[in-house]
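One file, run-v8.tsv, carrying TSV, C-alpha atoms:
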chain	number	residue	atom	x	y	z
O	8	MET	CA	147.92	40.72	112.95
O	9	SER	CA	147.06	39.91	109.36
O	10	ASP	CA	147.94	36.95	107.18
O	11	THR	CA	151.32	37.42	105.48
O	12	ALA	CA	150.58	35.21	102.48
O	13	SER	CA	149.09	37.73	100.06
O	14	ALA	CA	151.68	40.39	100.81
O	15	THR	CA	154.61	38.02	100.35
O	16	ALA	CA	153.44	35.86	97.44
O	17	PRO	CA	156.54	36.52	95.25
O	18	ARG	CA	158.91	35.61	98.11
O	19	HIS	CA	156.77	32.60	98.89
O	20	ALA	CA	157.22	31.36	95.32
O	21	VAL	CA	161.00	31.65	95.59
O	22	VAL	CA	161.04	29.80	98.91
O	23	SER	CA	158.88	27.04	97.43
O	24	ALA	CA	161.15	26.70	94.38
O	25	ALA	CA	164.25	26.55	96.59
O	26	LEU	CA	162.78	23.89	98.86
O	27	ASP	CA	161.79	21.78	95.85
O	28	LEU	CA	165.38	21.89	94.57
O	29	PHE	CA	166.83	21.16	98.00
O	30	ALA	CA	164.57	18.12	98.31
O	31	ARG	CA	165.50	16.76	94.87
O	32	GLN	CA	169.18	17.65	94.65
O	33	GLY	CA	170.27	18.20	98.21
O	34	PHE	CA	171.01	21.50	99.91
O	35	GLU	CA	174.75	21.54	99.21
O	36	SER	CA	174.31	20.55	95.55
O	37	THR	CA	171.85	23.32	94.78
O	38	SER	CA	173.20	26.67	93.63
O	39	VAL	CA	171.71	30.13	93.94
O	40	GLU	CA	171.67	30.33	90.14
O	41	GLN	CA	169.49	27.22	89.98
O	42	ILE	CA	167.08	28.62	92.56
O	43	ALA	CA	166.82	31.94	90.76
O	44	GLN	CA	166.20	30.23	87.43
O	45	ALA	CA	163.52	27.94	88.90
O	46	ALA	CA	161.81	30.91	90.54
O	47	GLY	CA	162.00	33.08	87.43
O	48	ILE	CA	164.10	35.85	88.99
O	49	SER	CA	167.62	37.14	88.49
O	50	ARG	CA	170.55	36.11	90.65
O	51	SER	CA	170.95	39.68	91.88
O	52	THR	CA	167.27	39.84	92.84
O	53	PHE	CA	167.65	36.67	94.86
O	54	PHE	CA	170.62	38.03	96.79
O	55	ARG	CA	168.85	41.34	97.35
O	56	GLN	CA	165.75	39.64	98.75
O	57	PHE	CA	167.31	36.79	100.69
O	58	GLY	CA	171.08	36.97	100.93
O	59	GLY	CA	171.94	33.29	100.60
O	60	LYS	CA	170.70	29.71	100.40
O	61	ASP	CA	170.31	29.30	104.13
O	62	ASP	CA	168.48	32.65	104.37
O	63	VAL	CA	165.81	31.52	101.92
O	64	VAL	CA	165.02	28.55	104.15
O	65	PHE	CA	164.33	30.85	107.10
O	66	ALA	CA	162.86	33.79	105.18
O	67	ASP	CA	159.36	33.25	106.57
O	68	HIS	CA	160.68	33.40	110.13
O	69	GLU	CA	162.09	36.88	109.55
O	70	LEU	CA	158.68	38.09	108.36
O	71	LEU	CA	156.95	36.43	111.28
O	72	LEU	CA	159.32	37.96	113.82
O	73	ASP	CA	158.73	41.39	112.29
O	74	GLY	CA	154.98	40.81	112.56
O	75	LEU	CA	155.29	39.80	116.20
O	76	ARG	CA	157.34	42.87	117.08
O	77	SER	CA	154.68	45.08	115.53
O	78	TYR	CA	151.86	43.29	117.37
O	79	LEU	CA	153.61	43.30	120.74
O	80	SER	CA	154.44	47.00	120.41
O	81	GLU	CA	150.71	47.70	120.70
O	82	SER	CA	148.82	48.07	123.98
O	83	HIS	CA	147.28	44.85	125.37
O	84	ASP	CA	145.04	44.50	128.43
O	85	ASN	CA	146.58	41.14	129.31
O	86	PRO	CA	150.25	40.81	128.26
O	87	TRP	CA	150.24	37.08	129.07
O	88	ALA	CA	147.31	36.49	126.73
O	89	ALA	CA	148.99	38.70	124.11
O	90	VAL	CA	152.00	36.39	124.06
O	91	CYS	CA	149.72	33.39	123.58
O	92	GLU	CA	147.82	35.13	120.78
O	93	ALA	CA	151.14	35.91	119.11
O	94	SER	CA	152.12	32.26	119.32
O	95	LEU	CA	148.78	31.24	117.80
O	96	TRP	CA	149.24	33.68	114.94
O	97	VAL	CA	152.63	32.17	114.10
O	98	PHE	CA	151.12	28.69	114.16
O	99	LYS	CA	148.35	29.74	111.78
O	100	GLN	CA	150.89	31.11	109.31
O	101	PHE	CA	152.57	27.72	109.09
O	102	THR	CA	149.30	25.80	108.89
O	103	ALA	CA	148.15	28.01	106.01
O	104	ASP	CA	150.47	25.94	103.78
O	105	PRO	CA	151.28	22.75	105.71
O	106	GLU	CA	152.97	21.04	102.75
O	107	LEU	CA	155.47	23.87	102.39
O	108	ALA	CA	156.10	23.76	106.13
O	109	ARG	CA	156.71	20.01	105.96
O	110	ARG	CA	159.14	20.38	103.04
O	111	ARG	CA	161.08	23.03	104.95
O	112	TYR	CA	161.15	20.82	108.03
O	113	ALA	CA	162.53	17.88	106.02
O	114	VAL	CA	165.26	20.03	104.49
O	115	VAL	CA	166.29	21.53	107.82
O	116	ARG	CA	166.43	18.16	109.58
O	117	GLY	CA	168.79	16.84	106.91
O	118	VAL	CA	171.38	19.62	107.13
O	119	PRO	CA	173.32	20.08	110.41
O	120	ALA	CA	174.07	23.77	109.77
O	121	LEU	CA	170.37	24.47	109.19
O	122	ARG	CA	169.41	22.58	112.35
O	123	GLU	CA	171.76	24.79	114.35
O	124	ARG	CA	170.29	27.92	112.83
O	125	GLU	CA	166.80	26.63	113.59
O	126	ILE	CA	167.71	26.38	117.27
O	127	VAL	CA	168.88	29.99	117.25
O	128	THR	CA	165.73	31.08	115.43
O	129	VAL	CA	163.46	29.38	117.97
O	130	PHE	CA	165.32	31.17	120.75
O	131	ARG	CA	164.64	34.51	119.05
O	132	TYR	CA	160.89	33.94	119.48
O	133	GLU	CA	161.39	33.02	123.11
O	134	ARG	CA	163.58	36.07	123.76
O	135	LEU	CA	161.05	38.35	122.05
O	136	PHE	CA	158.27	37.10	124.33
O	137	ASP	CA	160.52	37.35	127.40
O	138	GLU	CA	161.55	40.94	126.66
O	139	TYR	CA	157.97	41.97	125.93
O	140	LEU	CA	156.68	40.63	129.25
O	141	ARG	CA	159.41	42.39	131.22
O	142	GLU	CA	158.63	45.68	129.49
O	143	ALA	CA	154.84	45.31	129.71
O	144	LEU	CA	154.90	44.25	133.37
O	145	PRO	CA	157.42	46.40	135.28
O	146	GLY	CA	158.64	44.64	138.38
O	147	LEU	CA	157.89	41.18	137.01
O	148	ASP	CA	160.31	38.57	138.32
O	149	PRO	CA	162.64	37.77	135.39
O	150	LEU	CA	162.25	34.07	136.17
O	151	ASP	CA	158.50	34.34	135.61
O	152	ALA	CA	159.04	36.17	132.32
O	153	VAL	CA	161.59	33.75	130.93
O	154	GLY	CA	159.70	30.74	132.28
O	155	PHE	CA	156.42	31.75	130.66
O	156	ALA	CA	158.12	32.68	127.37
O	157	ALA	CA	159.99	29.38	127.28
O	158	LEU	CA	156.87	27.34	128.09
O	159	VAL	CA	154.75	29.07	125.44
O	160	THR	CA	157.48	28.53	122.84
O	161	ALA	CA	157.96	24.89	123.82
O	162	VAL	CA	154.21	24.16	123.71
O	163	HIS	CA	153.91	25.88	120.33
O	164	ASN	CA	156.78	23.86	118.89
O	165	HIS	CA	155.42	20.60	120.30
O	166	VAL	CA	152.06	21.12	118.60
O	167	LEU	CA	153.70	22.36	115.40
O	168	ARG	CA	155.84	19.22	115.20
O	169	GLN	CA	152.64	17.16	115.22
O	170	LEU	CA	151.75	18.93	111.99
O	171	LEU	CA	155.24	18.74	110.47
O	172	ARG	CA	155.78	15.06	111.21
O	173	GLY	CA	152.33	13.92	110.16
O	174	THR	CA	150.14	14.03	107.10
O	175	LYS	CA	147.00	15.58	108.57
O	176	ARG	CA	146.09	19.12	109.49
O	177	VAL	CA	146.38	20.08	113.13
O	178	PRO	CA	143.79	22.76	113.96
O	179	ALA	CA	144.80	25.86	115.87
O	180	SER	CA	142.30	24.87	118.56
O	181	VAL	CA	144.77	22.20	119.72
O	182	LEU	CA	147.38	24.85	120.43
O	183	ARG	CA	144.83	27.24	121.91
O	184	ARG	CA	143.75	24.65	124.50
O	185	ALA	CA	147.37	23.98	125.39
O	186	LEU	CA	148.12	27.69	125.79
O	187	ASP	CA	144.99	28.14	127.90
O	188	ASP	CA	146.44	25.50	130.21
O	189	VAL	CA	149.76	27.37	130.32
O	190	MET	CA	148.00	30.58	131.42
O	191	ARG	CA	145.98	28.73	134.04
O	192	ARG	CA	149.15	27.21	135.46
O	193	TYR	CA	150.52	30.71	135.88
O	194	GLY	CA	147.20	32.02	137.20
O	195	VAL	CA	146.98	34.65	134.44
O	196	HIS	CA	144.16	33.35	132.24
O	197	PRO	CA	141.78	36.19	131.23
O	198	GLU	CA	138.82	34.15	132.47
O	199	GLY	CA	140.49	33.46	135.79
O	200	THR	CA	141.12	30.09	137.38
O	201	ASP	CA	139.17	27.87	139.72
O	202	ALA	CA	140.31	28.47	143.29
O	203	ALA	CA	141.70	25.58	145.27
O	204	ALA	CA	140.90	25.05	148.94
O	205	ASP	CA	144.15	26.69	150.04
O	206	ASP	CA	144.22	29.56	147.51
O	207	LEU	CA	142.69	32.17	149.85
O	208	VAL	CA	145.24	33.96	152.03
O	209	VAL	CA	144.37	36.62	154.60
O	210	ALA	CA	147.22	38.70	156.03
O	211	VAL	CA	147.21	41.67	158.41
O	212	PHE	CA	150.07	44.15	158.63
O	213	PRO	CA	150.49	47.55	160.32
O	214	ARG	CA	149.60	50.42	158.00
O	215	SER	CA	153.00	51.94	158.67
O	216	MET	CA	154.93	48.89	157.43
O	217	PRO	CA	156.81	49.57	154.13
O	218	SER	CA	155.28	47.80	151.16
O	219	ALA	CA	158.61	46.13	150.38
O	220	GLU	CA	158.59	44.51	153.83
O	221	VAL	CA	155.00	43.39	153.33
O	222	ALA	CA	155.99	41.76	150.03
O	223	ARG	CA	159.02	40.13	151.67
O	224	ARG	CA	157.01	38.62	154.50
O	225	LEU	CA	154.28	37.39	152.19
O	226	GLY	CA	156.90	35.85	149.94
O	227	GLU	CA	158.40	33.96	152.86
O	228	GLN	CA	155.03	32.55	153.90
O	229	LEU	CA	153.83	31.62	150.42
O	230	VAL	CA	156.90	29.65	149.34
Take the structure in the file and write it out as C-alpha cells.
Amino acid sequence: MSDTASATAPRHAVVSAALDLFARQGFESTSVEQIAQAAGISRSTFFRQFGGKDDVVFADHELLLDGLRSYLSESHDNPWAAVCEASLWVFKQFTADPELARRRYAVVRGVPALREREIVTVFRYERLFDEYLREALPGLDPLDAVGFAALVTAVHNHVLRQLLRGTKRVPASVLRRALDDVMRRYGVHPEGTDAAADDLVVAVFPRSMPSAEVARRLGEQLV
C-alpha cells in the first residue's frame, strides 16, 4: 500500500479548507459555496468530488477503505498479520498530517450527526477485516473472525485517539506493539508464541474415525 497524500493533494486541500471553516464558523453555518470559494474550486466541482458537507469530512475514509480493499484482495501468507498491517497503514495515513486529523476530530465531536456517521464508518473497517478473514480462512469460526476484527479496530482507535486528543506525535511503533500483542493472544503471530506449561496436547484416535468427530472430541476437551 502506498501513501495517498501525493495522489489526493487537490482533495486534501478542499478537506483542509472545509475543516478550517467548520472550526471558525461552525458546521451548520458553513455553506458549500463558502467551502468551494475557500478551496478555489467551483460549486459543481465540489459536489462532483464530495457530494455534501458531511461527505467532505469523511472523504479520507473513503479513500482509505478503497486502499484496504485493494490490499486485502492480494494474496497474504498470514491473513491475521495482513489485517494488522492494514490497520497500521491506516494509522500512518492519519499521522502523516496529525494537525488535520485533530481538526477533523474536533469538528466531528461537536456535531451529533457527524458522530453518528463516524460510528458507522468505524464499523465499515471492522466489517471489512471480518469479511476478509472469513474469505481467506475457509472454515474459520465466525466468532474468531469478528472477534479479531473488532479487537484490531478497537486497539487502532484507542492508539489513534492518543494522537487526536494530544499535542504530540504518536509513533506507529506504539500501535505495532499493541497489534503484536493482539496476534499473540490469538496465537497467530508470525513469529509464534511462547508455549505455556499446558499448551502441549497429545491425542490418539482410531485412523478410521471421521475428522469431524476428531475435531468435536478435541473441542470438548480443550474448552
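Separating CA of Val63 in chain O from CA of Val22 in chain O is a distance of 5.9 Å.
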Glu125 in chain O proximity check over O:Val208, O:Thr52, O:Arg141, O:Glu69, using all atoms listed in the file: winner is O:Glu69
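CA of Asp62 in chain O is positioned 16.3 Å from CA of Ile48 in chain O.
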- request: Please identify all polymer residues within 9 Å of Tyr139 in chain O, counting only C-alpha atoms, omitting same-chain residues fewer than 2 positions from it, and present them as a VMD selection string.
  value: chain O and resid 76 79 to 80 86 90 134 to 137 141 to 144 152
Residues just named, written with C-alpha atoms as a PDB file, keeping the file's coordinate frame:
ATOM      1  CA  ARG O  76     157.340  42.870 117.080  1.00  0.00           C
ATOM      2  CA  LEU O  79     153.610  43.300 120.740  1.00  0.00           C
ATOM      3  CA  SER O  80     154.440  47.000 120.410  1.00  0.00           C
ATOM      4  CA  PRO O  86     150.250  40.810 128.260  1.00  0.00           C
ATOM      5  CA  VAL O  90     152.000  36.390 124.060  1.00  0.00           C
ATOM      6  CA  ARG O 134     163.580  36.070 123.760  1.00  0.00           C
ATOM      7  CA  LEU O 135     161.050  38.350 122.050  1.00  0.00           C
ATOM      8  CA  PHE O 136     158.270  37.100 124.330  1.00  0.00           C
ATOM      9  CA  ASP O 137     160.520  37.350 127.400  1.00  0.00           C
ATOM     10  CA  ARG O 141     159.410  42.390 131.220  1.00  0.00           C
ATOM     11  CA  GLU O 142     158.630  45.680 129.490  1.00  0.00           C
ATOM     12  CA  ALA O 143     154.840  45.310 129.710  1.00  0.00           C
ATOM     13  CA  LEU O 144     154.900  44.250 133.370  1.00  0.00           C
ATOM     14  CA  ALA O 152     159.040  36.170 132.320  1.00  0.00           C
TER      15      ALA O 152
END
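With CA of Ala25 in chain O on one side and CA of Gln169 in chain O on the other, the separation reads 23.9 Å.
Ranking O:Leu95, O:Leu170, O:Arg110, O:Leu229 by their shortest atom-to-atom distance to Leu182 in chain O, with all atoms listed in the file included, puts O:Leu95 first.
When only C-alpha atoms are used to compute distances to Phe65 in chain O, the closest of the residues O:Ala88, O:Ala93, O:Ala43, O:Val129 turns out to be O:Val129.
When only C-alpha atoms are used to measure the gap to Ala185 in chain O, the shortest distance among O:Ala108, O:Ala210, O:Arg223, O:Ser94 belongs to O:Ser94.
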task = Would you mind listing what lies within 12 Å of Gly47 in chain O as a VMD selection string, with all atoms listed in the file counted and same-chain residues fewer than 6 positions away left out?
result = chain O and resid 17 to 18 20 to 22 24 to 25 40 to 41 53
Check which residues of range 44-70 of chain O sit at most 12 Å from range 33-36 of chain O using all atoms listed in the file, and return one row each with the closest pair of atoms and their distance in Å to one decimal, ordered by chain and rising number, as a tab-separated table.
residue	atom	partner	partner_atom	distance
O:Gly59	CA	O:Phe34	CA	11.8
O:Lys60	CA	O:Phe34	CA	8.2
O:Asp61	CA	O:Phe34	CA	8.9
O:Val63	CA	O:Phe34	CA	11.5
O:Val64	CA	O:Phe34	CA	10.2
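For the residues O:Tyr78, O:Gly226, O:Ala89, O:Gln100, ranking by smallest atom-to-atom distance to Asp187 in chain O using only C-alpha atoms places O:Ala89 first.
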Of O:Gln228, O:Ser49, O:Ser23, O:Ser218, the one nearest to Leu107 in chain O when counting all atoms listed in the file is O:Ser23
List the spatial neighbours of Glu133 in chain O as JSON, numbers by chain - criterion: any atom at most 9 Å away, only C-alpha atoms, same-chain residues fewer than 3 positions off excluded. {"O": [129, 130, 136, 137, 138, 153, 156, 157, 158, 159, 160, 161]}
